[in-house]
Structures are given as C-alpha cells and as structure tokens.
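Listing of structure-v1.tsv, TSV, C-alpha atoms
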```tsv
chain	number	residue	atom	x	y	z
A	1217	MET	CA	-32.97	46.41	-44.29
A	1218	ALA	CA	-33.38	49.55	-46.33
A	1219	SER	CA	-31.50	51.75	-43.88
A	1220	ARG	CA	-28.56	49.32	-43.86
A	1221	GLY	CA	-28.51	49.37	-47.60
A	1222	ASN	CA	-28.25	53.17	-47.50
A	1223	LYS	CA	-25.54	53.20	-44.85
A	1224	ARG	CA	-23.19	50.77	-46.51
A	1225	PRO	CA	-22.14	53.11	-49.31
A	1226	SER	CA	-21.68	55.93	-46.80
A	1227	ILE	CA	-19.01	53.90	-44.99
A	1228	THR	CA	-17.18	53.04	-48.16
A	1229	ASN	CA	-17.28	56.70	-49.31
A	1230	GLY	CA	-14.67	57.79	-46.75
A	1231	ASP	CA	-14.50	59.84	-43.56
A	1232	ASP	CA	-15.67	63.17	-44.95
A	1233	ASN	CA	-19.31	62.46	-45.54
A	1234	LEU	CA	-20.18	60.09	-42.69
A	1235	GLY	CA	-23.75	59.67	-41.64
A	1236	VAL	CA	-24.96	61.09	-38.35
A	1237	LEU	CA	-25.59	57.67	-36.98
A	1238	SER	CA	-22.11	56.36	-37.76
A	1239	ARG	CA	-20.47	59.50	-36.41
A	1240	VAL	CA	-22.37	59.13	-33.16
A	1241	SER	CA	-21.52	55.45	-32.95
A	1242	ARG	CA	-17.87	56.15	-33.62
A	1243	SER	CA	-17.68	58.81	-30.93
A	1244	VAL	CA	-19.39	56.40	-28.53
A	1245	SER	CA	-17.08	53.52	-29.39
A	1246	ASP	CA	-13.98	55.70	-29.15
A	1247	SER	CA	-14.92	57.07	-25.76
A	1248	GLN	CA	-12.86	56.05	-22.71
A	1249	ILE	CA	-15.69	54.53	-20.76
A	1250	VAL	CA	-16.77	52.18	-23.54
A	1251	ARG	CA	-13.24	51.05	-24.15
A	1252	ARG	CA	-12.75	50.27	-20.46
A	1253	ALA	CA	-16.07	48.50	-20.29
A	1254	LYS	CA	-15.06	46.42	-23.28
A	1255	SER	CA	-11.71	45.47	-21.81
A	1256	THR	CA	-13.32	44.69	-18.45
A	1257	ALA	CA	-15.92	42.55	-20.15
A	1258	SER	CA	-13.30	40.63	-22.11
A	1259	ASP	CA	-11.22	40.17	-18.96
A	1260	ALA	CA	-14.27	38.96	-17.09
A	1261	ALA	CA	-15.10	36.56	-19.89
A	1262	PHE	CA	-11.55	35.23	-19.86
A	1263	VAL	CA	-11.50	34.77	-16.11
A	1264	THR	CA	-14.92	33.11	-16.14
A	1265	GLN	CA	-13.80	30.76	-18.86
A	1266	LYS	CA	-10.67	29.84	-16.93
A	1267	LEU	CA	-12.64	29.44	-13.75
A	1268	LEU	CA	-15.20	27.23	-15.45
A	1269	ARG	CA	-12.50	25.12	-17.01
A	1270	SER	CA	-10.61	24.66	-13.74
A	1271	THR	CA	-13.85	23.96	-11.86
A	1272	GLY	CA	-14.69	21.38	-14.47
A	1273	LYS	CA	-11.29	19.78	-14.11
A	1274	ALA	CA	-11.56	19.75	-10.32
A	1275	ALA	CA	-15.03	18.24	-10.56
A	1276	TRP	CA	-13.75	15.59	-12.94
A	1277	ILE	CA	-10.89	14.66	-10.61
A	1278	ALA	CA	-13.16	14.66	-7.56
A	1279	GLY	CA	-15.77	12.60	-9.39
A	1280	THR	CA	-13.37	9.94	-10.63
A	1281	THR	CA	-11.71	9.75	-7.22
A	1282	PHE	CA	-15.11	9.28	-5.64
A	1283	LEU	CA	-15.94	6.60	-8.19
A	1284	ILE	CA	-12.77	4.68	-7.37
A	1285	LEU	CA	-12.62	5.10	-3.61
A	1286	VAL	CA	-16.14	5.49	-2.31
A	1287	VAL	CA	-18.60	3.81	-4.70
A	1288	PRO	CA	-17.22	0.26	-4.22
A	1289	LEU	CA	-17.21	0.85	-0.46
A	1290	ILE	CA	-20.87	1.88	-0.45
A	1291	ILE	CA	-21.86	-1.11	-2.58
A	1292	GLU	CA	-19.93	-3.56	-0.42
A	1293	MET	CA	-21.25	-2.15	2.83
A	1294	ASP	CA	-24.76	-2.35	1.48
A	1295	ARG	CA	-24.23	-5.98	0.52
A	1296	GLU	CA	-22.84	-6.73	3.96
A	1297	GLN	CA	-25.85	-5.14	5.59
A	1298	GLN	CA	-28.24	-7.14	3.41
A	1299	PHE	CA	-26.35	-10.29	4.30
A	1300	ASN	CA	-26.64	-9.49	7.99
A	1301	GLU	CA	-30.35	-8.76	7.68
A	1302	LEU	CA	-30.92	-12.03	5.86
A	1303	GLU	CA	-29.11	-13.88	8.59
A	1304	MET	CA	-31.15	-12.10	11.25
A	1305	GLN	CA	-34.37	-13.05	9.48
A	1306	GLN	CA	-33.29	-16.66	9.20
A	1307	ALA	CA	-32.33	-16.66	12.85
A	1308	SER	CA	-35.71	-15.28	13.86
A	1309	LEU	CA	-37.50	-17.79	11.60
A	1310	LEU	CA	-35.58	-20.82	12.76
A	1311	GLY	CA	-35.17	-19.69	16.34
A	1312	THR	CA	-31.98	-19.04	18.21
A	1313	PRO	CA	-30.94	-22.65	18.95
A	1314	ALA	CA	-30.80	-23.46	15.27
A	1315	THR	CA	-28.22	-20.78	14.64
A	1316	ALA	CA	-26.29	-21.70	17.74
A	1317	ALA	CA	-26.09	-25.36	16.78
A	1318	PRO	CA	-23.96	-25.11	13.58
A	1319	LYS	CA	-21.40	-22.94	15.35
B	891	MET	CA	25.65	-13.69	71.47
B	892	ALA	CA	27.14	-16.14	69.08
B	893	GLY	CA	24.01	-18.22	69.44
B	894	LEU	CA	21.86	-15.23	68.76
B	895	ALA	CA	23.85	-13.90	65.87
B	896	PRO	CA	22.96	-16.51	63.27
B	897	PRO	CA	19.21	-16.11	63.68
B	898	THR	CA	19.48	-12.33	63.36
B	899	ALA	CA	21.65	-12.77	60.33
B	900	ALA	CA	19.18	-15.23	58.99
B	901	THR	CA	16.26	-12.91	59.69
B	902	ALA	CA	18.22	-10.03	58.26
B	903	ALA	CA	18.94	-12.11	55.20
B	904	ALA	CA	15.32	-13.16	55.07
B	905	ALA	CA	14.29	-9.53	55.46
B	906	ALA	CA	16.81	-8.56	52.80
B	907	THR	CA	15.46	-11.16	50.42
B	908	ALA	CA	11.91	-10.35	51.44
B	909	LEU	CA	12.35	-6.63	51.03
B	910	PRO	CA	13.40	-6.44	47.39
B	911	VAL	CA	10.79	-8.98	46.39
B	912	PRO	CA	7.70	-6.88	47.01
B	913	PRO	CA	8.80	-3.93	44.83
B	914	LYS	CA	9.87	-6.38	42.16
B	915	LYS	CA	6.50	-8.03	42.37
B	916	ILE	CA	4.79	-4.68	41.93
B	917	GLU	CA	7.03	-4.02	38.97
B	918	ASP	CA	6.13	-7.43	37.62
B	919	GLU	CA	2.49	-6.56	37.82
B	920	LYS	CA	3.16	-3.36	35.94
B	921	VAL	CA	5.62	-4.48	33.28
B	922	ASP	CA	7.40	-7.79	33.26
B	923	TYR	CA	10.65	-6.73	31.65
B	924	LEU	CA	12.06	-10.23	31.70
B	925	ASN	CA	9.10	-11.64	29.86
B	926	LEU	CA	8.60	-9.32	26.93
B	927	PRO	CA	6.89	-10.51	23.79
B	928	CYS	CA	8.96	-11.42	20.78
B	929	PRO	CA	9.11	-8.53	18.30
B	930	ILE	CA	8.27	-8.64	14.64
B	931	PRO	CA	11.18	-9.29	12.24
B	932	TYR	CA	13.09	-6.16	11.28
B	933	GLU	CA	12.17	-6.35	7.60
B	934	GLU	CA	8.46	-6.73	8.39
B	935	ILE	CA	8.27	-3.74	10.67
B	936	HIS	CA	5.89	-1.87	8.32
B	937	ARG	CA	3.79	-4.98	7.77
B	938	GLU	CA	0.34	-3.59	8.67
B	939	ALA	CA	0.82	-0.37	6.74
B	940	PHE	CA	2.14	-2.26	3.72
B	941	MET	CA	-0.81	-4.64	3.82
B	942	SER	CA	-3.25	-1.75	3.68
B	943	LEU	CA	-1.41	0.67	1.43
B	944	LYS	CA	0.44	-1.52	-1.03
B	945	PRO	CA	-1.91	-4.05	-2.56
B	946	GLU	CA	-0.72	-5.89	-5.65
B	947	LEU	CA	-2.15	-3.53	-8.23
B	948	PHE	CA	-2.02	-4.72	-11.81
B	949	GLU	CA	-3.28	-3.81	-15.23
B	950	GLY	CA	-4.91	-6.31	-17.53
B	951	MET	CA	-6.20	-9.78	-16.84
B	952	ARG	CA	-4.88	-12.44	-14.54
B	953	PHE	CA	-5.99	-15.91	-13.71
B	954	ASP	CA	-4.47	-17.94	-10.92
B	955	PHE	CA	-5.23	-21.55	-10.31
B	956	THR	CA	-3.84	-23.61	-7.46
B	957	LYS	CA	-4.42	-27.31	-7.23
B	958	GLY	CA	-3.39	-29.29	-4.23
B	959	LEU	CA	-2.20	-32.76	-5.18
B	960	ASN	CA	-2.01	-33.91	-1.59
B	961	GLN	CA	-1.74	-32.40	1.87
B	962	LYS	CA	1.73	-30.97	1.30
B	963	PHE	CA	2.24	-30.65	-2.40
B	964	SER	CA	0.44	-28.29	-4.73
B	965	LEU	CA	0.82	-26.98	-8.25
B	966	SER	CA	-0.07	-23.52	-9.42
B	967	HIS	CA	-0.75	-22.13	-12.85
B	968	SER	CA	-1.22	-18.50	-13.58
B	969	VAL	CA	-1.84	-16.54	-16.74
B	970	PHE	CA	-1.35	-12.83	-17.08
B	971	MET	CA	-2.22	-10.69	-20.07
B	972	GLY	CA	-1.88	-6.99	-20.20
B	973	PRO	CA	0.39	-4.05	-20.73
B	974	ILE	CA	3.58	-3.85	-18.70
B	975	GLU	CA	5.28	-0.57	-17.97
B	976	ILE	CA	8.84	-0.22	-19.16
B	977	PRO	CA	10.97	2.02	-16.98
B	978	ASN	CA	12.58	4.82	-18.96
B	979	GLN	CA	14.01	8.27	-18.39
B	980	SER	CA	11.29	10.36	-20.00
B	981	THR	CA	8.24	11.40	-18.04
B	982	GLU	CA	5.71	9.63	-20.23
B	983	THR	CA	5.21	5.96	-19.52
B	984	VAL	CA	5.86	3.35	-22.16
B	985	LYS	CA	3.76	0.22	-22.05
B	986	ILE	CA	4.14	-2.92	-24.06
B	987	PRO	CA	1.51	-5.63	-24.17
B	988	THR	CA	2.65	-8.94	-22.79
B	989	ALA	CA	1.22	-12.32	-22.02
B	990	THR	CA	2.93	-14.69	-19.65
B	991	TYR	CA	2.21	-18.06	-18.19
B	992	GLU	CA	3.71	-19.06	-14.87
B	993	PHE	CA	3.99	-22.55	-13.55
B	994	GLY	CA	4.72	-23.15	-9.91
B	995	ALA	CA	5.22	-26.01	-7.54
B	996	ASN	CA	4.89	-25.67	-3.79
B	997	TYR	CA	5.80	-28.01	-1.00
B	998	ILE	CA	4.51	-26.92	2.38
B	999	ASP	CA	5.41	-28.66	5.57
B	1000	PRO	CA	5.59	-27.01	9.01
B	1001	LYS	CA	9.36	-27.48	9.04
B	1002	LEU	CA	10.18	-27.00	5.39
B	1003	MET	CA	8.65	-24.88	2.66
B	1004	LEU	CA	9.74	-24.97	-0.95
B	1005	PHE	CA	8.38	-22.74	-3.68
B	1006	GLY	CA	9.36	-22.76	-7.31
B	1007	ARG	CA	8.07	-20.56	-10.11
B	1008	ILE	CA	8.98	-20.60	-13.77
B	1009	LEU	CA	7.76	-18.12	-16.36
B	1010	THR	CA	7.48	-18.56	-20.10
B	1011	ASP	CA	10.09	-15.83	-20.66
B	1012	GLY	CA	12.67	-17.95	-18.88
B	1013	ARG	CA	12.68	-16.43	-15.40
B	1014	LEU	CA	12.94	-18.84	-12.54
B	1015	ASN	CA	12.26	-18.02	-8.93
B	1016	ALA	CA	12.95	-20.39	-6.08
B	1017	ARG	CA	12.38	-19.90	-2.37
B	1018	VAL	CA	13.22	-22.12	0.55
B	1019	LYS	CA	12.24	-21.68	4.17
B	1020	CYS	CA	13.56	-24.26	6.52
B	1021	ASP	CA	13.48	-24.43	10.31
B	1022	LEU	CA	16.89	-25.73	11.31
B	1023	SER	CA	15.98	-25.75	14.99
B	1024	ASP	CA	13.24	-24.22	17.13
B	1025	ASN	CA	14.91	-20.82	17.02
B	1026	LEU	CA	17.00	-20.83	13.87
B	1027	THR	CA	15.41	-20.50	10.46
B	1028	LEU	CA	17.09	-20.59	7.09
B	1029	LYS	CA	15.54	-18.70	4.22
B	1030	ALA	CA	16.92	-18.72	0.72
B	1031	ASN	CA	15.73	-16.93	-2.36
B	1032	ALA	CA	17.06	-17.21	-5.87
B	1033	GLN	CA	16.04	-15.50	-9.06
B	1034	LEU	CA	17.54	-16.75	-12.28
B	1035	THR	CA	17.12	-15.14	-15.67
B	1036	ASN	CA	18.62	-15.71	-19.07
B	1037	GLU	CA	19.90	-12.14	-19.15
B	1038	PRO	CA	23.41	-11.79	-17.76
B	1039	HIS	CA	23.93	-9.98	-14.42
B	1040	MET	CA	20.24	-10.10	-13.58
B	1041	SER	CA	20.25	-13.25	-11.49
B	1042	HIS	CA	20.14	-12.88	-7.75
B	1043	GLY	CA	20.62	-15.19	-4.87
B	1044	MET	CA	20.22	-14.56	-1.19
B	1045	VAL	CA	20.44	-16.59	1.99
B	1046	ASN	CA	19.09	-15.40	5.35
B	1047	PHE	CA	19.60	-16.88	8.77
B	1048	ASP	CA	16.97	-15.78	11.27
B	1049	TYR	CA	17.44	-16.35	14.95
B	1050	LYS	CA	14.42	-15.86	17.15
B	1051	GLY	CA	15.11	-15.23	20.81
B	1052	ARG	CA	12.66	-14.81	23.66
B	1053	ASP	CA	12.33	-11.05	23.27
B	1054	PHE	CA	14.57	-10.30	20.29
B	1055	ARG	CA	15.19	-11.40	16.74
B	1056	THR	CA	18.31	-11.21	14.69
B	1057	GLN	CA	19.04	-11.90	11.08
B	1058	PHE	CA	22.13	-12.39	8.95
B	1059	GLN	CA	21.91	-11.92	5.24
B	1060	LEU	CA	24.29	-13.13	2.55
B	1061	GLY	CA	23.74	-12.36	-1.09
B	1062	ASN	CA	25.52	-12.52	-4.38
B	1063	GLY	CA	27.54	-9.48	-5.38
B	1064	ALA	CA	29.20	-9.59	-1.93
B	1065	LEU	CA	26.12	-8.41	-0.09
B	1066	PHE	CA	26.21	-8.81	3.65
B	1067	GLY	CA	23.64	-7.61	6.10
B	1068	ALA	CA	22.65	-8.02	9.69
B	1069	SER	CA	19.74	-6.76	11.69
B	1070	TYR	CA	18.64	-6.94	15.27
B	1071	ILE	CA	15.39	-6.00	16.92
B	1072	GLN	CA	14.63	-6.03	20.62
B	1073	SER	CA	11.46	-5.51	22.62
B	1074	VAL	CA	12.04	-2.68	25.06
B	1075	SER	CA	8.62	-2.62	26.66
B	1076	PRO	CA	5.51	-4.69	25.95
B	1077	ASN	CA	4.53	-2.18	23.28
B	1078	LEU	CA	7.77	-0.73	22.03
B	1079	SER	CA	10.52	-2.43	20.10
B	1080	LEU	CA	13.70	-0.92	18.74
B	1081	GLY	CA	16.02	-2.27	16.11
B	1082	GLY	CA	18.98	-1.57	13.93
B	1083	GLU	CA	20.63	-2.92	10.81
B	1084	VAL	CA	23.90	-2.71	8.94
B	1085	PHE	CA	24.59	-3.74	5.38
B	1086	TRP	CA	27.52	-3.80	3.04
B	1087	ALA	CA	27.23	-4.31	-0.69
B	1088	GLY	CA	30.70	-5.08	-1.99
B	1089	GLN	CA	29.87	-4.95	-5.68
B	1090	HIS	CA	28.41	-1.45	-5.54
B	1091	ARG	CA	30.82	-0.34	-2.81
B	1092	LYS	CA	28.02	0.84	-0.60
B	1093	SER	CA	27.38	0.38	3.02
B	1094	GLY	CA	24.76	1.66	5.35
B	1095	ILE	CA	23.22	1.61	8.74
B	1096	GLY	CA	19.61	1.96	9.76
B	1097	TYR	CA	17.46	2.25	12.84
B	1098	ALA	CA	13.82	1.49	13.41
B	1099	ALA	CA	11.25	1.79	16.13
B	1100	ARG	CA	7.84	0.29	16.35
B	1101	TYR	CA	5.10	0.96	18.85
B	1102	ASN	CA	2.08	-1.26	18.75
B	1103	THR	CA	-0.98	-1.70	20.86
B	1104	ASP	CA	-4.04	-3.69	19.87
B	1105	LYS	CA	-5.63	-0.51	18.49
B	1106	MET	CA	-2.78	1.10	16.63
B	1107	VAL	CA	0.67	0.54	15.18
B	1108	ALA	CA	3.19	3.31	14.66
B	1109	THR	CA	6.58	2.73	13.09
B	1110	GLY	CA	9.52	4.85	12.14
B	1111	GLN	CA	12.63	3.96	10.23
B	1112	VAL	CA	15.74	5.92	9.34
B	1113	ALA	CA	18.62	4.74	7.19
B	1114	SER	CA	21.92	6.27	6.20
B	1115	THR	CA	20.87	5.99	2.55
B	1116	GLY	CA	18.77	9.08	3.28
B	1117	MET	CA	15.49	7.30	3.67
B	1118	VAL	CA	13.03	8.25	6.38
B	1119	ALA	CA	9.83	6.23	6.56
B	1120	LEU	CA	7.03	6.68	9.03
B	1121	SER	CA	3.78	4.80	9.11
B	1122	TYR	CA	0.71	4.76	11.27
B	1123	VAL	CA	-2.16	2.28	11.27
B	1124	GLN	CA	-5.27	2.76	13.34
B	1125	LYS	CA	-7.66	-0.13	13.79
B	1126	VAL	CA	-11.06	1.51	13.93
B	1127	SER	CA	-12.87	-1.76	14.49
B	1128	GLU	CA	-12.31	-5.43	13.84
B	1129	LYS	CA	-13.15	-4.97	10.17
B	1130	VAL	CA	-11.83	-1.52	9.42
B	1131	SER	CA	-8.39	-0.08	9.65
B	1132	LEU	CA	-7.03	3.22	8.45
B	1133	ALA	CA	-3.41	3.58	7.47
B	1134	SER	CA	-1.11	6.39	6.53
B	1135	ASP	CA	2.52	6.55	5.63
B	1136	PHE	CA	5.17	9.10	4.85
B	1137	THR	CA	8.44	8.51	3.04
B	1138	TYR	CA	11.17	11.05	2.53
B	1139	ASN	CA	14.37	10.51	0.68
B	1140	TYR	CA	17.07	13.00	1.59
B	1141	MET	CA	19.25	12.15	-1.42
B	1142	SER	CA	16.65	12.44	-4.15
B	1143	ARG	CA	14.44	14.87	-2.22
B	1144	ASP	CA	11.28	12.90	-2.91
B	1145	VAL	CA	8.49	13.14	-0.44
B	1146	ILE	CA	5.47	10.95	-0.70
B	1147	SER	CA	2.72	10.33	1.76
B	1148	SER	CA	-0.40	8.31	1.39
B	1149	LEU	CA	-3.61	7.63	3.22
B	1150	GLY	CA	-5.70	4.53	2.88
B	1151	TYR	CA	-8.40	2.34	4.26
B	1152	ASP	CA	-8.71	-1.41	4.57
B	1153	TYR	CA	-12.14	-2.98	4.97
B	1154	ILE	CA	-12.37	-6.68	5.66
B	1155	LEU	CA	-15.98	-7.75	5.25
B	1156	ARG	CA	-17.43	-11.22	5.24
B	1157	GLN	CA	-17.53	-11.57	1.46
B	1158	CYS	CA	-14.79	-9.25	0.41
B	1159	ARG	CA	-11.75	-7.22	1.25
B	1160	LEU	CA	-11.53	-3.70	-0.06
B	1161	ARG	CA	-8.48	-1.49	0.09
B	1162	GLY	CA	-8.29	2.06	-1.12
B	1163	LYS	CA	-5.63	4.72	-0.97
B	1164	ILE	CA	-4.81	8.17	-2.15
B	1165	ASP	CA	-1.35	9.64	-2.21
B	1166	SER	CA	0.27	13.03	-2.41
B	1167	ASN	CA	1.14	12.59	-6.11
B	1168	GLY	CA	-2.57	12.58	-6.91
B	1169	CYS	CA	-2.65	8.87	-7.47
B	1170	VAL	CA	-5.83	7.09	-6.41
B	1171	ALA	CA	-6.01	3.32	-6.16
B	1172	ALA	CA	-8.48	0.70	-5.04
B	1173	PHE	CA	-8.24	-3.06	-4.82
B	1174	LEU	CA	-11.23	-5.30	-4.30
B	1175	GLU	CA	-11.11	-9.01	-3.59
B	1176	GLU	CA	-14.56	-10.50	-3.65
B	1177	ARG	CA	-15.20	-14.06	-2.57
B	1178	LEU	CA	-17.65	-15.50	-5.04
B	1179	ASN	CA	-17.63	-19.03	-3.74
B	1180	MET	CA	-15.47	-21.27	-1.61
B	1181	GLY	CA	-12.01	-20.92	-3.08
B	1182	VAL	CA	-13.06	-18.64	-5.93
B	1183	ASN	CA	-12.03	-15.04	-5.60
B	1184	PHE	CA	-12.69	-12.24	-8.02
B	1185	ILE	CA	-10.22	-9.38	-8.06
B	1186	LEU	CA	-10.69	-5.85	-9.32
B	1187	SER	CA	-7.85	-3.41	-9.36
B	1188	ALA	CA	-7.98	0.25	-10.27
B	1189	GLU	CA	-5.34	2.93	-10.23
B	1190	ILE	CA	-5.62	6.39	-11.66
B	1191	ASP	CA	-2.89	8.95	-11.82
B	1192	HIS	CA	-4.40	12.28	-12.76
B	1193	ARG	CA	-1.10	14.07	-13.17
B	1194	LYS	CA	0.42	11.59	-15.60
B	1195	LYS	CA	-2.94	10.67	-17.15
B	1196	ASP	CA	-2.11	7.06	-16.48
B	1197	TYR	CA	-5.12	4.86	-15.87
B	1198	LYS	CA	-4.73	1.22	-14.96
B	1199	PHE	CA	-7.59	-1.19	-14.54
B	1200	GLY	CA	-7.35	-4.88	-14.04
B	1201	PHE	CA	-9.49	-7.84	-13.23
B	1202	GLY	CA	-8.67	-11.34	-12.26
B	1203	LEU	CA	-9.82	-14.61	-10.87
B	1204	THR	CA	-8.12	-16.75	-8.25
B	1205	VAL	CA	-9.24	-20.33	-8.02
B	1206	GLY	CA	-8.19	-22.68	-5.26
B	1207	GLU	CA	-6.17	-21.71	-2.25
```
As structure tokens - that is how I would like this structure written.
Amino acid sequence: MASRGNKRPSITNGDDNLGVLSRVSRSVSDSQIVRRAKSTASDAAFVTQKLLRSTGKAAWIAGTTFLILVVPLIIEMDREQQFNELEMQQASLLGTPATAAPK
Amino acid sequence: MAGLAPPTAATAAAAATALPVPPKKIEDEKVDYLNLPCPIPYEEIHREAFMSLKPELFEGMRFDFTKGLNQKFSLSHSVFMGPIEIPNQSTETVKIPTATYEFGANYIDPKLMLFGRILTDGRLNARVKCDLSDNLTLKANAQLTNEPHMSHGMVNFDYKGRDFRTQFQLGNGALFGASYIQSVSPNLSLGGEVFWAGQHRKSGIGYAARYNTDKMVATGQVASTGMVALSYVQKVSEKVSLASDFTYNYMSRDVISSLGYDYILRQCRLRGKIDSNGCVAAFLEERLNMGVNFILSAEIDHRKKDYKFGFGLTVGE
C-alpha cells in the first residue's frame, strides 16, 4: 500500500523523473514480444469466445431437435414394450388358450 | 394326298397353336402383362411419402367431436383456438390470434359421400363423391367465401380401368385438366397430365413414375411448371417406415428435401421429420381410449426462430 502511494505522484510528475520500477515496466510493455503476446492472447480470447458461443448454439439446436424427434419416440417405444410385457405376463398366467379364445 | 393334307394341316395348325402357347405360359408365370394391377390415382402418387412427411401440424388448441346420428349420417363440431400465420412479403412471420368453430355434416354411403363444413367466419366447404357406375366416379369440391374471387369449384370425373386410371378435371376460372396413369409392370406405373388454366393463361404438362414393392415406394414427378419432386419410402417393418423427399423448383430455384419417420404402435402413431431448412417437426396421436385421441404437434424452425406447439383432442370417429 505504501509503495503504491509513493509511486502515484511519480507518474503524475511527468516523464523526466520516473521511478526505476515504472521505467522497467514501460520498457517491458513496449517491447515487441509482449505486444505480440498481448495481441495473440486477445485473438485467442476472441476465437475462444466465438467458438464457445457457436458450440453453445449448436448444442442448443441439437438438444431441442433431440427433444422433439427422439424423446417422444423413446417414451412411446418404452410404453409399447411395457404393454407387450404385460400381455405376455397375462398370457402366461391365464395360459395360452385363454389368449387364443378372444381372437 | 388330299386325304393326308388336312390332317397335316391340322397338326401343323395344332403345332402352331401349341408352340406359341408354352413361351406365353412361361411369360405368364413371370409377368402377366395382361393382368396388371390397377395403379394409384395420378394425384395420389406421393401418398405414402405425404402421409409420413406432411402431418397436419397446427399451433394452438383444437377439439374435434364427431357424433354419428345413425349408420350413414354424422355431425361434426370442431373448435380451434390459436395464432394463424398471415402470409406477407417480409421475412418475419406475422401471427394473429383467432378462434373458429366449424360445423360439419357427413353422409357416408358406399355409393355416395357428402361432406359439408361451415366455419364461423363464413367459409363453406362442400365435397361430393359419387360412384356413377362401377368404373366411373364423380367428385366435386366447392369452397365458398364471402370475399369476392376467393370461391372455388371443381368437378372431377375419374375412370378406373383394369390396369389404368384416367381423370378429367373441370374447375371455375376455365380450368381444365386431364391425367392418365398406366401400370407398365406389376411394380412400375407411368403417368402423365395436362392442364390449362384459362383465367391465368397458363398451361402445363407433367409426367410421373412410381415404383412400388411391398417394402418400398419410389416416385418421381416432373412438370413443365419447373417442379421436380422425388420421394422414397422404405418400410422397415410393419410398424415403422422411413420416408424422404426432394423438391426442386426450376423457376424459383427453391430446393427442399426432408427426411422423416413414421411409427405406428398399438396405442399411438408418431411422425417426425427434419428438413433442409432446419425445420424440425413431430406429430403424435395417442389413443387414450376407444374413440378418444390426444394429439400433440410440435414444429420448430431454428432459422426463423418460429416455434409452434399445439395440442388437441379428437372424440368419436
């Protein structure tokens, strides 16, 4: 806290009497490699954001499509299977002639 | 010699009649070209694909009630509430909420069928189907509205031959049409149509082919209006069929193709489809009880952000 308090006036004083720390930091931030790293990082962030957004959109579309097309099918097939099983059980309980008779 | 000649001629004639018979018999065993099955009417050539891919999707609530008064006569009442899309030029869809009640009367007899429908907004629809003889059928359809120039009337004469069908169409606005379809082999049938619409000064010609076996149906249709339609239905099992279709319009350069399934289970029928515009739809008819059906309809269009969901109940059949 104290060091920050000392530095703040040094920045406002102008370029002539900069502190060692700020001079070093400026030379580091002005250097080519840092600038490139920064731009690469911002590009990467941008691409990642776009990618995430498009993945999310694709997942949303795929999910809703699945919900409309496949979920009812699974439920209905399950019901059908249960119905068949119930009928099989009844047939085995009552015996085969009983099921043959109504037909 | 003279005494001998007739028997030889007779044997020769017998041999001549006997000779062509065996190959004909073999041909008969292969394909009996004189006894081909009657084809499907020209306008119903895409029937199976339409059944699977074009269910009656709706948005909102509907309730249909049919009450039979006696064996032949029945009354129907139906209520619909929900938004209706208004066609307009802009890309976004405009929907206005509506509620309609429809009253109908049906008379069904094997020889004569009469259907009448009247809506609360004043539209009247009447259909007649009458068998004039064993082969000739008269169909008439009329749609009357209180708006001018929106009423239509049409009369069709269908003639059903042993292995062909033909139809003549007369409509208001000087519309004339004729179509013919012929079975070429037990599986393949080919047909053609011509039409002339005097009011719009348009005429056209179209051809169609249909190949069906008990496992699959493939159809193709081309018309001079620029329309090309192909469809294919594969019956995977007794309960399941898969359908696909492709439509291309040369004039407007629209291409659309869709893929769907049709499941007929004991308690329900489920149809689903997805098309190349990114539109996904499903239609479920669930049998709750004898004569009580519950309907769910869903359609989502991701590109237009248009979501339509509907439910309904059908009572009596």
Residues of chain B near chain A: apply a cut-off of 8 Å, count all atoms listed in the file, and supply the list as a PDB file with C-alpha atoms, in the coordinates of the input.
```
ATOM      1  CA  LEU B1155     -15.980  -7.750   5.250  1.00  0.00           C
ATOM      2  CA  ARG B1156     -17.430 -11.220   5.240  1.00  0.00           C
ATOM      3  CA  GLN B1157     -17.530 -11.570   1.460  1.00  0.00           C
ATOM      4  CA  CYS B1158     -14.790  -9.250   0.410  1.00  0.00           C
ATOM      5  CA  LEU B1160     -11.530  -3.700  -0.060  1.00  0.00           C
ATOM      6  CA  GLY B1162      -8.290   2.060  -1.120  1.00  0.00           C
ATOM      7  CA  LYS B1163      -5.630   4.720  -0.970  1.00  0.00           C
ATOM      8  CA  VAL B1170      -5.830   7.090  -6.410  1.00  0.00           C
ATOM      9  CA  ALA B1171      -6.010   3.320  -6.160  1.00  0.00           C
ATOM     10  CA  ALA B1172      -8.480   0.700  -5.040  1.00  0.00           C
ATOM     11  CA  ALA B1188      -7.980   0.250 -10.270  1.00  0.00           C
ATOM     12  CA  HIS B1192      -4.400  12.280 -12.760  1.00  0.00           C
TER      13      HIS B1192
END
```
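Put simply, atom CA of Ala995 of chain B is 25.0 Å away from atom CA of Ser1023 of chain B.
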Kindly assemble as a Markdown table a list of the segment 1068-1167 of chain B residues that lie within 9 Å of segment 1040-1059 of chain B, each paired with its nearest atom pair and their distance in Å to one decimal, using all atoms listed in the file, sorted first by chain and then by ascending residue number.
```
| residue | atom | partner | partner_atom | distance |
| --- | --- | --- | --- | --- |
| B:Ala1068 | CA | B:Phe1058 | CA | 4.5 |
| B:Ser1069 | CA | B:Gln1057 | CA | 5.2 |
| B:Tyr1070 | CA | B:Thr1056 | CA | 4.3 |
| B:Ile1071 | CA | B:Arg1055 | CA | 5.4 |
| B:Gln1072 | CA | B:Phe1054 | CA | 4.3 |
| B:Ser1073 | CA | B:Asp1053 | CA | 5.6 |
| B:Val1074 | CA | B:Asp1053 | CA | 8.6 |
| B:Ser1079 | CA | B:Phe1054 | CA | 8.9 |
| B:Phe1085 | CA | B:Gln1059 | CA | 8.6 |
```
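Taking atom CA of Ala939 of chain B and atom CA of Ser1093 of chain B as the two end points, the separation is 26.8 Å.
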Proximity to Leu1078 of chain B - best of B:Arg1100, B:Lys962, B:Arg1013, B:Lys1092, all atoms listed in the file: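 Looking only at the distances to Leu1078 of chain B, the closest residue turns out to be B:Arg1100.
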